[in-house]
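Colleague: upload-v6.cif is reproduced in full below (mmCIF, C-alpha atoms).
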data_data
#
loop_
_atom_site.label_atom_id
_atom_site.label_comp_id
_atom_site.auth_asym_id
_atom_site.auth_seq_id
_atom_site.Cartn_x
_atom_site.Cartn_y
_atom_site.Cartn_z
CA ASP A 1 2.79 4.97 11.74
CA LEU A 2 4.83 4.32 8.60
CA ASN A 3 8.60 4.21 8.33
CA TYR A 4 8.56 4.21 4.48
CA PHE A 5 6.49 3.46 1.36
CA ARG A 6 8.30 2.68 -1.91
CA ALA A 7 7.57 1.53 -5.45
CA ALA A 8 10.08 -0.03 -7.84
CA ARG A 9 9.75 -1.60 -11.27
CA ALA A 10 10.18 -5.36 -11.43
CA SER A 11 10.08 -7.74 -14.38
CA GLU A 12 6.59 -8.91 -13.31
CA GLY A 13 5.12 -5.44 -12.59
CA VAL A 14 5.72 -2.88 -9.84
CA GLN A 15 6.96 -4.00 -6.42
CA LEU A 16 5.48 -1.97 -3.57
CA SER A 17 7.08 -2.10 -0.14
CA TRP A 18 6.36 -0.40 3.14
CA GLU A 19 7.20 -0.70 6.80
CA THR A 20 5.14 0.16 9.84
CA VAL A 21 6.43 1.34 13.20
CA ASN A 22 3.39 0.62 15.38
CA GLU A 23 0.35 -1.54 14.56
CA ALA A 24 -1.52 -1.21 17.88
CA THR A 25 -4.62 0.33 16.25
CA LEU A 26 -4.14 -0.94 12.69
CA ALA A 27 -6.93 -2.78 10.84
CA GLY A 28 -5.14 -3.05 7.47
CA PHE A 29 -4.12 -1.36 4.23
CA ASN A 30 -5.46 -0.46 0.81
CA LEU A 31 -3.26 0.32 -2.18
CA TYR A 32 -4.21 2.77 -4.93
CA ARG A 33 -2.66 3.44 -8.33
CA ARG A 34 -3.16 6.09 -10.97
CA GLU A 35 -1.63 7.22 -14.18
CA LEU A 36 -0.43 10.81 -13.96
CA ASP A 37 -3.34 13.29 -13.74
CA GLU A 38 -5.92 10.47 -13.52
CA LYS A 39 -8.10 9.27 -10.64
CA PHE A 40 -6.70 6.84 -8.04
CA GLU A 41 -8.12 3.30 -8.26
CA LYS A 42 -7.82 0.62 -5.58
CA ILE A 43 -5.65 -2.29 -6.73
CA ASN A 44 -6.07 -4.78 -3.87
CA ALA A 45 -9.31 -6.78 -3.91
CA GLU A 46 -9.51 -7.14 -0.12
CA LEU A 47 -8.10 -5.23 2.83
CA ILE A 48 -4.46 -6.23 3.36
CA PRO A 49 -4.33 -7.41 6.99
CA PRO A 50 -1.62 -6.23 9.39
CA GLU A 51 1.05 -8.72 10.41
CA ARG A 52 1.19 -7.38 13.97
CA GLY A 53 -2.26 -5.86 14.37
CA GLY A 54 -3.08 -4.88 17.94
CA ARG A 55 0.58 -4.78 18.97
CA PRO A 56 2.80 -1.73 19.52
CA GLU A 57 5.39 -2.98 17.03
CA GLY A 58 5.83 -2.81 13.26
CA ASP A 59 6.54 -5.06 10.28
CA ALA A 60 7.60 -4.91 6.62
CA TYR A 61 5.26 -5.58 3.68
CA LEU A 62 5.58 -6.41 -0.02
CA TYR A 63 2.89 -6.27 -2.70
CA LEU A 64 3.48 -6.97 -6.39
CA ASP A 65 1.24 -4.97 -8.72
CA GLU A 66 1.16 -7.48 -11.57
CA SER A 67 -1.48 -5.53 -13.51
CA ALA A 68 0.79 -2.49 -13.95
CA ALA A 69 1.90 -1.93 -17.55
CA LEU A 70 5.68 -1.78 -17.72
CA ASP A 71 5.64 1.08 -20.22
CA THR A 72 3.37 3.35 -18.12
CA ARG A 73 4.30 5.73 -15.32
CA TYR A 74 2.17 5.46 -12.17
CA GLU A 75 1.70 7.16 -8.85
CA TYR A 76 0.83 4.98 -5.84
CA ARG A 77 -0.89 5.73 -2.56
CA LEU A 78 -1.07 3.61 0.59
CA GLU A 79 -4.16 3.99 2.75
CA VAL A 80 -3.82 2.94 6.38
CA ILE A 81 -7.08 1.83 8.00
CA GLU A 82 -7.29 2.11 11.77
CA THR A 83 -9.35 -0.28 13.94
CA ASN A 84 -12.24 2.20 13.97
CA LEU A 85 -12.27 1.63 10.15
CA GLN A 86 -11.36 5.24 9.41
CA PRO A 87 -8.48 6.00 7.03
CA SER A 88 -5.61 7.79 8.70
CA ALA A 89 -4.27 11.05 7.31
#
Using the file provided, produce a representation of the structure as structure tokens.
Modeller:
Amino acid sequence: DLNYFRAARASEGVQLSWETVNEATLAGFNLYRRELDEKFEKINAELIPPERGGRPEGDAYLYLDESAALDTRYEYRLEVIETNLQPSA
């Protein structure tokens, strides 16, 4: 379960932040980015592991998208992968 997912411009790119509530069945995360009306593309090379995977508690995360152009508007999506390796809705 997620508490929030946010994106904010930073001098080095776009800072993504999110917070989980419960990581009991969490395998990790994937982040996706797209320009408006384009296809989403994964921006993390490997699955982002959970900080408290297997525990019924949450944590906060930061990811800096350094490849984002500062003069372009993007939409981001966070995919949560459960321990059965299926993305959650």
Colleague: Do you know which residues the PyMOL selection byres ((chain A and resi 50-58) around 8) returns on this file, as a PyMOL selection string?
Modeller: chain A and resi 19-29+48-49+59-60
Colleague: In terms of the shortest atom-to-atom distance over all atoms listed in the file, which of A:Thr83, A:Tyr63, A:Leu70, A:Glu38 is closest to A:Phe5?
Modeller: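 Closest candidate: A:Tyr63.
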Colleague: Hey, which of A:Glu35, A:Glu12, A:Glu82, A:Glu46 ends up closest to A:Ser67? Count all atoms listed in the file.
Modeller: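 The closest residue to A:Ser67 is A:Glu12.
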Colleague: Grab the atom CA of A:Thr72 to atom CA of A:Tyr4 distance for me, in Å with one decimal place.
Modeller: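 Separation between atom CA of A:Thr72 and atom CA of A:Tyr4: 23.2 Å.
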Colleague: What is the distance, in Å and to one decimal place, between atom CA of A:Ala68 and atom CA of A:Arg33?
Modeller: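 Between atom CA of A:Ala68 and atom CA of A:Arg33 the gap works out to 8.9 Å.
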Colleague: Just give me the gap between atom CA of A:Ala8 and atom CA of A:Asn44 in Å, one decimal is fine.
Modeller: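 Rounded to one decimal, the two atoms are 17.3 Å apart.
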Colleague: Looking at A:Leu36, A:Leu2, A:Ala69, A:Ala45, which one is nearest to A:Trp18, with distances taken over only C-alpha atoms?
Modeller: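 Selected residue with least distance to A:Trp18: A:Leu2.
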Colleague: Find the smallest box with edges along x, y and z containing every listed atom of stretch 65-71 of chain A, then add 6 Å on each side and report centre and edge lengths in Å to one decimal, as AutoDock Vina command-line options.
Modeller:
--center_x 2.1 --center_y -3.2 --center_z -14.5 --size_x 19.2 --size_y 20.6 --size_z 23.5
Colleague: I would like the residues chosen by the PyMOL selection byres ((chain A and resi 6) around 6) on the shown file; could you give them as a list in words?
Modeller: Phe5, Ala7, Leu16 and Ser17 of chain A
Colleague: When you look at A:Arg34 with a cut-off of 10 Å (counting only C-alpha atoms), what residues show up, excluding the ones that are within fewer than 5 positions of it in the same chain? I need them as a list in words.
Modeller: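 Selected residues are Lys39, Phe40, Glu41, Lys42, Ile43, Ala68, Arg73, Tyr74, Glu75, Tyr76 and Arg77 of chain A.
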Colleague: Using only C-alpha atoms, which residue out of A:Asp1, A:Asn30, A:Leu62, A:Asp37 lies closest to A:Val14?
Modeller: A:Leu62
Colleague: For A:Ala10, which of A:Glu79, A:Tyr32, A:Asn84, A:Leu64 is the closest residue, counting only C-alpha atoms?
Modeller: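 Of A:Glu79, A:Tyr32, A:Asn84, A:Leu64, the one nearest A:Ala10 is A:Leu64, counting only C-alpha atoms.
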